[in-house]
Each structure stands twice: as C-alpha cells, then as structure tokens.
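Peer 1: Please find input38.json (JSON, C-alpha atoms) on the next line:
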```
[["chain", "number", "residue", "atom", "x", "y", "z"],
["G", 1, "MET", "CA", 56.17, -42.52, 29.70],
["G", 2, "SER", "CA", 55.85, -45.67, 27.62],
["G", 3, "GLY", "CA", 57.43, -48.92, 28.56],
["G", 4, "PRO", "CA", 56.68, -51.64, 31.02],
["G", 5, "ARG", "CA", 55.84, -50.60, 34.52],
["G", 6, "THR", "CA", 57.78, -53.37, 36.12],
["G", 7, "ALA", "CA", 60.85, -53.41, 38.23],
["G", 8, "SER", "CA", 64.09, -54.40, 36.62],
["G", 9, "ASP", "CA", 67.72, -54.41, 37.51],
["G", 10, "TYR", "CA", 67.99, -50.82, 36.30],
["G", 11, "HIS", "CA", 64.75, -49.46, 37.61],
["G", 12, "PRO", "CA", 63.36, -49.46, 41.14],
["G", 13, "ARG", "CA", 59.95, -50.87, 41.84],
["G", 14, "TRP", "CA", 57.19, -48.29, 41.19],
["G", 15, "TYR", "CA", 55.68, -46.81, 44.29],
["G", 16, "ARG", "CA", 51.97, -46.73, 43.52],
["G", 17, "PRO", "CA", 49.91, -47.08, 46.67],
["G", 18, "TYR", "CA", 46.53, -48.60, 45.95],
["G", 19, "ILE", "CA", 43.66, -46.20, 46.58],
["G", 20, "SER", "CA", 40.13, -47.53, 46.54],
["G", 21, "THR", "CA", 37.43, -45.82, 44.47],
["G", 22, "TYR", "CA", 35.50, -45.61, 47.72],
["G", 23, "TRP", "CA", 38.28, -43.93, 49.72],
["G", 24, "TRP", "CA", 35.87, -41.15, 50.72],
["G", 25, "LEU", "CA", 33.75, -43.57, 52.77],
["G", 26, "GLU", "CA", 36.64, -44.19, 55.14],
["G", 27, "ARG", "CA", 36.42, -41.00, 57.15],
["G", 28, "ARG", "CA", 33.73, -38.51, 57.99],
["G", 29, "SER", "CA", 35.77, -35.54, 56.80],
["G", 30, "TYR", "CA", 36.38, -37.29, 53.44],
["G", 31, "PHE", "CA", 32.66, -37.99, 53.15],
["G", 32, "ALA", "CA", 31.81, -34.35, 53.94],
["G", 33, "PHE", "CA", 34.25, -33.27, 51.23],
["G", 34, "ILE", "CA", 32.65, -35.51, 48.59],
["G", 35, "MET", "CA", 29.16, -34.38, 49.63],
["G", 36, "ARG", "CA", 30.28, -30.78, 49.16],
["G", 37, "GLU", "CA", 31.65, -31.64, 45.73],
["G", 38, "LEU", "CA", 28.42, -33.44, 44.82],
["G", 39, "SER", "CA", 26.49, -30.25, 45.55],
["G", 40, "SER", "CA", 27.60, -29.23, 42.03],
["G", 41, "ILE", "CA", 24.97, -31.54, 40.50],
["G", 42, "PHE", "CA", 22.23, -30.02, 42.61],
["G", 43, "VAL", "CA", 23.34, -26.45, 41.92],
["G", 44, "ALA", "CA", 22.99, -27.30, 38.22],
["G", 45, "TRP", "CA", 19.54, -28.85, 38.72],
["G", 46, "GLY", "CA", 18.43, -25.80, 40.74],
["G", 47, "VAL", "CA", 19.42, -23.53, 37.86],
["G", 48, "ILE", "CA", 17.61, -25.73, 35.32],
["G", 49, "TYR", "CA", 14.48, -25.74, 37.51],
["G", 50, "LEU", "CA", 14.52, -21.94, 37.76],
["G", 51, "LEU", "CA", 15.03, -21.61, 34.00],
["G", 52, "LEU", "CA", 12.03, -23.89, 33.38],
["G", 53, "LEU", "CA", 9.98, -21.59, 35.62],
["G", 54, "ILE", "CA", 11.25, -18.47, 33.86],
["G", 55, "ARG", "CA", 10.46, -20.02, 30.49],
["G", 56, "ALA", "CA", 6.96, -20.97, 31.63],
["G", 57, "VAL", "CA", 6.26, -17.39, 32.68],
["G", 58, "SER", "CA", 7.91, -15.52, 29.85],
["G", 59, "ARG", "CA", 7.16, -17.58, 26.75],
["G", 60, "GLY", "CA", 3.82, -15.99, 26.13],
["G", 61, "GLY", "CA", 0.43, -17.59, 25.89],
["G", 62, "GLY", "CA", -0.83, -16.11, 29.12],
["G", 63, "ALA", "CA", -0.84, -17.79, 32.50],
["G", 64, "THR", "CA", -1.50, -21.32, 31.16],
["G", 65, "ARG", "CA", 2.15, -22.40, 31.01],
["G", 66, "TYR", "CA", 2.77, -20.94, 34.46],
["G", 67, "GLN", "CA", -0.17, -22.91, 35.88],
["G", 68, "GLU", "CA", 1.17, -26.04, 34.21],
["G", 69, "PHE", "CA", 4.56, -25.45, 35.80],
["G", 70, "LEU", "CA", 2.97, -24.99, 39.23],
["G", 71, "ALA", "CA", 1.04, -28.25, 38.78],
["G", 72, "TRP", "CA", 4.26, -30.04, 37.75],
["G", 73, "SER", "CA", 6.17, -28.66, 40.76],
["G", 74, "VAL", "CA", 3.72, -30.41, 43.12],
["G", 75, "ASN", "CA", 4.55, -33.82, 41.62],
["G", 76, "PRO", "CA", 5.95, -35.96, 44.51],
["G", 77, "VAL", "CA", 9.04, -37.00, 42.53],
["G", 78, "VAL", "CA", 9.86, -33.41, 41.56],
["G", 79, "LEU", "CA", 9.20, -32.27, 45.11],
["G", 80, "ALA", "CA", 11.43, -34.99, 46.59],
["G", 81, "ILE", "CA", 14.27, -34.10, 44.19],
["G", 82, "ASN", "CA", 13.85, -30.44, 45.10],
["G", 83, "VAL", "CA", 13.96, -31.09, 48.85],
["G", 84, "VAL", "CA", 17.29, -32.92, 48.39],
["G", 85, "THR", "CA", 18.42, -30.13, 46.05],
["G", 86, "LEU", "CA", 17.68, -27.41, 48.60],
["G", 87, "GLY", "CA", 19.60, -29.39, 51.23],
["G", 88, "PHE", "CA", 22.68, -29.62, 49.01],
["G", 89, "VAL", "CA", 22.44, -25.99, 47.88],
["G", 90, "VAL", "CA", 22.26, -24.82, 51.51],
["G", 91, "TYR", "CA", 25.22, -27.09, 52.29],
["G", 92, "HIS", "CA", 27.12, -25.48, 49.43],
["G", 93, "ALA", "CA", 26.28, -22.01, 50.76],
["G", 94, "ILE", "CA", 27.37, -22.83, 54.34],
["G", 95, "THR", "CA", 30.66, -24.44, 53.29],
["G", 96, "TRP", "CA", 31.28, -21.61, 50.81],
["G", 97, "PHE", "CA", 30.75, -18.87, 53.41],
["G", 98, "ASN", "CA", 32.81, -20.67, 56.04],
["G", 99, "LEU", "CA", 35.73, -21.05, 53.64],
["G", 100, "SER", "CA", 35.66, -17.42, 52.50],
["G", 101, "PRO", "CA", 38.31, -16.16, 54.99],
["G", 102, "GLN", "CA", 40.80, -18.62, 53.44],
["G", 103, "ALA", "CA", 39.96, -17.38, 49.94],
["G", 104, "MET", "CA", 40.17, -13.67, 50.65],
["G", 105, "VAL", "CA", 42.32, -11.81, 53.13],
["G", 106, "VAL", "CA", 40.85, -8.40, 53.83],
["G", 107, "ARG", "CA", 42.97, -5.70, 55.40],
["G", 108, "ILE", "CA", 41.71, -2.45, 56.88],
["G", 109, "ARG", "CA", 44.43, 0.09, 57.71],
["G", 110, "GLY", "CA", 47.05, -2.60, 57.44],
["G", 111, "LYS", "CA", 45.32, -4.86, 59.94],
["G", 112, "ARG", "CA", 43.89, -8.15, 58.88],
["G", 113, "VAL", "CA", 40.13, -8.42, 59.38],
["G", 114, "PRO", "CA", 39.45, -11.43, 61.66],
["G", 115, "PRO", "CA", 37.98, -14.46, 59.80],
["G", 116, "PHE", "CA", 34.85, -14.29, 61.95],
["G", 117, "TRP", "CA", 33.85, -10.92, 60.48],
["G", 118, "ILE", "CA", 34.40, -12.08, 56.90],
["G", 119, "ILE", "CA", 32.17, -15.10, 57.50],
["G", 120, "ALA", "CA", 29.58, -12.98, 59.31],
["G", 121, "SER", "CA", 29.45, -10.43, 56.47],
["G", 122, "ASN", "CA", 28.80, -13.28, 54.01],
["G", 123, "TYR", "CA", 25.87, -14.56, 56.03],
["G", 124, "LEU", "CA", 24.56, -11.02, 56.43],
["G", 125, "ALA", "CA", 24.72, -10.46, 52.67],
["G", 126, "CYS", "CA", 22.87, -13.74, 52.12],
["G", 127, "ILE", "CA", 20.12, -12.75, 54.58],
["G", 128, "VAL", "CA", 19.70, -9.29, 53.06],
["G", 129, "ILE", "CA", 19.57, -10.66, 49.50],
["G", 130, "SER", "CA", 17.13, -13.42, 50.49],
["G", 131, "ALA", "CA", 14.85, -10.86, 52.15],
["G", 132, "ALA", "CA", 15.00, -8.69, 49.02],
["G", 133, "ILE", "CA", 14.09, -11.67, 46.81],
["G", 134, "LEU", "CA", 11.15, -12.60, 49.06],
["G", 135, "TRP", "CA", 9.92, -9.01, 49.04],
["G", 136, "LEU", "CA", 10.27, -8.72, 45.27],
["G", 137, "VAL", "CA", 8.62, -12.05, 44.45],
["G", 138, "LEU", "CA", 5.82, -11.92, 46.99],
["G", 139, "GLY", "CA", 4.49, -8.65, 45.70],
["G", 140, "GLY", "CA", 6.10, -5.90, 47.74],
["G", 141, "GLY", "CA", 7.63, -4.40, 44.64],
["G", 142, "SER", "CA", 4.46, -3.86, 42.66],
["Q", 1, "MET", "CA", 50.04, -25.89, 27.14],
["Q", 2, "ALA", "CA", 46.98, -23.84, 26.23],
["Q", 3, "LYS", "CA", 44.89, -25.82, 28.68],
["Q", 4, "ARG", "CA", 47.22, -25.01, 31.53],
["Q", 5, "SER", "CA", 46.94, -21.26, 30.96],
["Q", 6, "LEU", "CA", 43.15, -21.50, 30.94],
["Q", 7, "GLU", "CA", 42.96, -23.08, 34.39],
["Q", 8, "PRO", "CA", 43.21, -19.88, 36.56],
["Q", 9, "PHE", "CA", 40.40, -18.34, 34.49],
["Q", 10, "LEU", "CA", 38.22, -21.38, 35.11],
["Q", 11, "TRP", "CA", 38.88, -21.15, 38.85],
["Q", 12, "LEU", "CA", 37.87, -17.47, 38.70],
["Q", 13, "LEU", "CA", 34.55, -18.34, 37.05],
["Q", 14, "PHE", "CA", 34.16, -21.19, 39.56],
["Q", 15, "SER", "CA", 34.49, -18.71, 42.44],
["Q", 16, "ALA", "CA", 32.14, -16.16, 40.92],
["Q", 17, "GLY", "CA", 29.54, -18.88, 40.31],
["Q", 18, "GLY", "CA", 29.99, -20.20, 43.84],
["Q", 19, "VAL", "CA", 29.22, -16.77, 45.26],
["Q", 20, "PHE", "CA", 26.11, -16.33, 43.07],
["Q", 21, "ALA", "CA", 24.86, -19.82, 43.89],
["Q", 22, "ALA", "CA", 25.45, -19.40, 47.63],
["Q", 23, "LEU", "CA", 23.81, -15.97, 47.87],
["Q", 24, "LEU", "CA", 20.79, -16.40, 45.57],
["Q", 25, "LEU", "CA", 19.93, -20.06, 45.03],
["Q", 26, "PRO", "CA", 18.84, -21.07, 48.58],
["Q", 27, "SER", "CA", 16.10, -18.43, 48.83],
["Q", 28, "LEU", "CA", 14.92, -18.82, 45.22],
["Q", 29, "LEU", "CA", 14.70, -22.60, 45.47],
["Q", 30, "PHE", "CA", 13.07, -22.46, 48.89],
["Q", 31, "LEU", "CA", 10.42, -20.18, 47.43],
["Q", 32, "PHE", "CA", 9.66, -21.82, 44.11],
["Q", 33, "ALA", "CA", 10.66, -25.44, 44.73],
["Q", 34, "ILE", "CA", 9.45, -25.98, 48.31],
["Q", 35, "ALA", "CA", 7.29, -23.25, 49.86],
["Q", 36, "VAL", "CA", 4.95, -22.62, 46.92],
["Q", 37, "PRO", "CA", 4.48, -26.30, 45.89],
["Q", 38, "LEU", "CA", 3.80, -27.30, 49.51],
["Q", 39, "GLY", "CA", 1.29, -24.49, 49.90],
["Q", 40, "TRP", "CA", 3.22, -22.67, 52.63],
["Q", 41, "LEU", "CA", 3.07, -19.55, 50.47],
["Q", 42, "ALA", "CA", 0.51, -18.55, 47.86],
["Q", 43, "PRO", "CA", 2.04, -18.60, 44.35],
["Q", 44, "PRO", "CA", 2.76, -15.07, 43.09],
["Q", 45, "SER", "CA", 0.39, -14.01, 40.32],
["Q", 46, "TYR", "CA", 1.44, -14.52, 36.72],
["Q", 47, "GLU", "CA", 1.24, -10.80, 35.94],
["Q", 48, "HIS", "CA", 3.43, -9.90, 38.90],
["Q", 49, "LEU", "CA", 6.11, -12.50, 38.07],
["Q", 50, "LEU", "CA", 6.13, -11.42, 34.43],
["Q", 51, "GLY", "CA", 6.53, -7.81, 35.54],
["Q", 52, "VAL", "CA", 9.49, -8.71, 37.77],
["Q", 53, "LEU", "CA", 11.07, -10.79, 34.99],
["Q", 54, "ARG", "CA", 10.65, -8.02, 32.42],
["Q", 55, "HIS", "CA", 12.91, -5.69, 34.36],
["Q", 56, "PRO", "CA", 16.39, -5.56, 32.77],
["Q", 57, "LEU", "CA", 18.11, -5.76, 36.17],
["Q", 58, "THR", "CA", 16.26, -9.00, 37.04],
["Q", 59, "ARG", "CA", 17.24, -10.52, 33.74],
["Q", 60, "THR", "CA", 20.88, -9.46, 34.07],
["Q", 61, "VAL", "CA", 21.19, -10.88, 37.59],
["Q", 62, "LEU", "CA", 19.42, -14.08, 36.57],
["Q", 63, "PHE", "CA", 21.66, -14.51, 33.55],
["Q", 64, "PHE", "CA", 24.82, -14.20, 35.65],
["Q", 65, "LEU", "CA", 23.31, -16.47, 38.31],
["Q", 66, "CYS", "CA", 22.45, -19.18, 35.76],
["Q", 67, "SER", "CA", 25.56, -19.10, 33.59],
["Q", 68, "LEU", "CA", 28.14, -18.68, 36.36],
["Q", 69, "SER", "CA", 26.46, -21.26, 38.62],
["Q", 70, "LEU", "CA", 26.43, -23.77, 35.76],
["Q", 71, "ILE", "CA", 30.13, -23.18, 35.09],
["Q", 72, "HIS", "CA", 30.78, -23.45, 38.83],
["Q", 73, "GLY", "CA", 28.89, -26.74, 38.93],
["Q", 74, "ALA", "CA", 30.66, -28.09, 35.83],
["Q", 75, "HIS", "CA", 34.10, -27.22, 37.20],
["Q", 76, "ARG", "CA", 33.40, -28.75, 40.59],
["Q", 77, "PHE", "CA", 31.80, -31.85, 39.07],
["Q", 78, "ARG", "CA", 34.86, -32.31, 36.88],
["Q", 79, "TYR", "CA", 37.06, -32.45, 39.96],
["Q", 80, "THR", "CA", 34.55, -34.71, 41.71],
["Q", 81, "LEU", "CA", 35.00, -37.23, 38.91],
["Q", 82, "TYR", "CA", 38.79, -36.87, 39.12],
["Q", 83, "GLU", "CA", 39.12, -37.13, 42.87],
["Q", 84, "GLY", "CA", 36.01, -38.94, 44.01],
["Q", 85, "LEU", "CA", 35.82, -41.58, 41.31],
["Q", 86, "ARG", "CA", 39.50, -41.36, 40.24],
["Q", 87, "MET", "CA", 38.67, -40.88, 36.59],
["Q", 88, "GLN", "CA", 41.62, -38.68, 35.61],
["Q", 89, "HIS", "CA", 42.36, -40.92, 32.65],
["Q", 90, "LEU", "CA", 39.01, -39.92, 31.06],
["Q", 91, "ASN", "CA", 40.03, -36.26, 31.00],
["Q", 92, "GLU", "CA", 39.44, -35.90, 27.24],
["Q", 93, "VAL", "CA", 35.81, -36.96, 27.65],
["Q", 94, "ILE", "CA", 35.07, -35.28, 30.98],
["Q", 95, "VAL", "CA", 36.25, -31.78, 30.03],
["Q", 96, "PRO", "CA", 34.04, -31.33, 26.93],
["Q", 97, "ILE", "CA", 31.00, -32.88, 28.62],
["Q", 98, "CYS", "CA", 31.25, -30.72, 31.76],
["Q", 99, "TYR", "CA", 32.07, -27.36, 30.20],
["Q", 100, "GLY", "CA", 30.08, -28.10, 27.06],
["Q", 101, "GLY", "CA", 27.02, -28.72, 29.21],
["Q", 102, "ALA", "CA", 27.60, -25.49, 31.10],
["Q", 103, "ILE", "CA", 28.00, -23.53, 27.85],
["Q", 104, "VAL", "CA", 24.84, -25.03, 26.35],
["Q", 105, "GLY", "CA", 22.97, -24.23, 29.58],
["Q", 106, "SER", "CA", 24.27, -20.65, 29.54],
["Q", 107, "LEU", "CA", 23.18, -20.18, 25.94],
["Q", 108, "TRP", "CA", 19.74, -21.54, 26.85],
["Q", 109, "ALA", "CA", 19.59, -19.11, 29.81],
["Q", 110, "GLY", "CA", 20.55, -16.24, 27.53],
["Q", 111, "TYR", "CA", 17.87, -17.24, 25.02],
["Q", 112, "VAL", "CA", 15.13, -17.65, 27.66],
["Q", 113, "LEU", "CA", 15.98, -14.35, 29.36],
["Q", 114, "LEU", "CA", 16.47, -12.34, 26.19],
["Q", 115, "TYR", "CA", 13.46, -13.38, 24.12],
["Q", 116, "MET", "CA", 10.42, -12.70, 26.24],
["Q", 117, "ARG", "CA", 6.94, -12.20, 25.00]]
```
Before we go any further, please render this structure as structure tokens.

Peer 2:
Amino acid sequence: MSGPRTASDYHPRWYRPYISTYWWLERRSYFAFIMRELSSIFVAWGVIYLLLLIRAVSRGGGATRYQEFLAWSVNPVVLAINVVTLGFVVYHAITWFNLSPQAMVVRIRGKRVPPFWIIASNYLACIVISAAILWLVLGGGS
Amino acid sequence: MAKRSLEPFLWLLFSAGGVFAALLLPSLLFLFAIAVPLGWLAPPSYEHLLGVLRHPLTRTVLFFLCSLSLIHGAHRFRYTLYEGLRMQHLNEVIVPICYGGAIVGSLWAGYVLLYMR
C-alpha cells in the first residue's frame, strides 16, 4: 500500500471522509456507546480496589493492614473515584444484561425464548448473587 | 495471520469477563467502596473476612472475577482507543499495553489469592 495517496490520471481520487476524533459527541447514542466502552477503565479499577482489600486482609500481620485499608477507603478522593466507578460498573451491568438476548439465542422445545425472559433471568441472577454476597460478607455465613 | 486466529478467543474471554463483572462487581463495590466507607454498614470483622477469603471456593471465584474482568476491560479499552480516539495506527503499542496489563493484573490476583497467611 505504498505510494502517493494522490489522484492521478490512472487513479481515482481517494474517498476518505474526514471523521473527527470527537465524533462521539455528535449524538446521544454515540455518547452512550463511548460511555459504555469507557466502563472498561472503571471495571479494571474496581478489580484493583478489591485486590488491594484482599491483600490487606490476607497478608498477615493481624487486623492492622485491614484497618489501614478501611481508613484509606474513607479518603474523599478515593471515595469520589469509587462513586464514579460504581456508576460505570452498574452501567456496564445494565447494558450487558440488556444486550444478552442478541448474544445468545435460547430455544426451548424448538421455540425461541422471548428476549424479555433472557434479560429478566440475567437481572434475577444478579439479584440472587448480590444477596448471597451480602449475606456472606455481613456475617450470615459464620 | 496468527493474530487473526486469536481474535475469537479474545472475544470469548471478553464475554466471560463481562458476565463476571456484571454479576459480581456492582454488589462487591457497593459494599466495600461505598457502603462501608460512608458508614451505612458496619465493616465486617477482620476474622470473619479472613475466614471467608480462606475458603477455596471464594478464592476460585475471586480469581476468575479478577482475571477475566481485567481481560474484559483490556479488550474493551483497546477497541475504545481504536474507535473512540481513532488510534488504529498505534496497534503495535496498544495491544501489548492492554493485554500485558491484564496479564500482569491476573498474575498479581493469582499471587494474592494463592499465598495467604
């Protein structure tokens, strides 16, 4: 693909429509798409935050490191980042669940399960798992 | 050529990570990043958390949550750079940084979850 990208007698003019770097600000649906894609950064931060907590609890040395982590988590900057993070992670979950009927077509006895039920089962699974996590963490399991 | 054949596998990991992140991350982050720091819920005791973390099932689930979510994030962020910022021409830099970061993070997760005292 080397060579000049100019028109000549033997080559038509290249059709390269100009697209701005900020094309996603032009429409709401484009903006929603980029926000969904940006959730990736916050998913990664959420995982790192959880791993820091796990490390604080499991590295030994008693409860000191855990107390230090709890004190750090109250820091206004950390808290502000985490509020934004939770917003993006919830946005990821909602868009993920709502897209699931497009990703998987479920058939029961040859009939396609309506998209509504696939979405609903995703939300139900999320509620059940969240309840189990709350129960486990807040002491029901001990 | 090799890169092209790897792509479906990456999309598979992306999907698996998306499911883990969507099902588990909201409640975990609400608990430990919002509710406990703001004092809405009392922090669970150290002994209790350690007990929950010591269980092999907890560690297995957490490992898959961390590693797959990181790969999910890396894959999606890669395409955000391509499509959002139109940086396709930096492919050779973007691919190692994104997936390399996810792999390093997964190794860290494996280390943290495996070696507990």

Peer 1: Identify all chain Q residues at most 9 Å from chain G by counting all atoms listed in the file; ligands do not count. Present them as a PyMOL selection string.

Peer 2: chain Q and resi 18-19+21-34+36-38+41-54+65-67+69-77+79-80+83-86+102+105+108-109+112-113+115-117

Peer 1: Take atom CA of Q:Ala16 and atom CA of G:Ser121 and report the distance between them in Å, one decimal.

Peer 2: 16.8 Å

Peer 1: Can you tell me how far atom CA of Q:Pro56 sits from atom CA of Q:Tyr111, in Å to one decimal?

Peer 2: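 A separation of 14.1 Å between them.
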
Peer 1: Work out how far apart atom CA of Q:Val95 and atom CA of G:Leu99 are and give it in Å to one decimal.

Peer 2: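 Computing it gives 25.9 Å between the two atoms.
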
Peer 1: Using all atoms listed in the file, which residue out of Q:Leu68, Q:Thr60, Q:Ala35, Q:Gly110 lies closest to Q:Trp11?

Peer 2: Q:Leu68
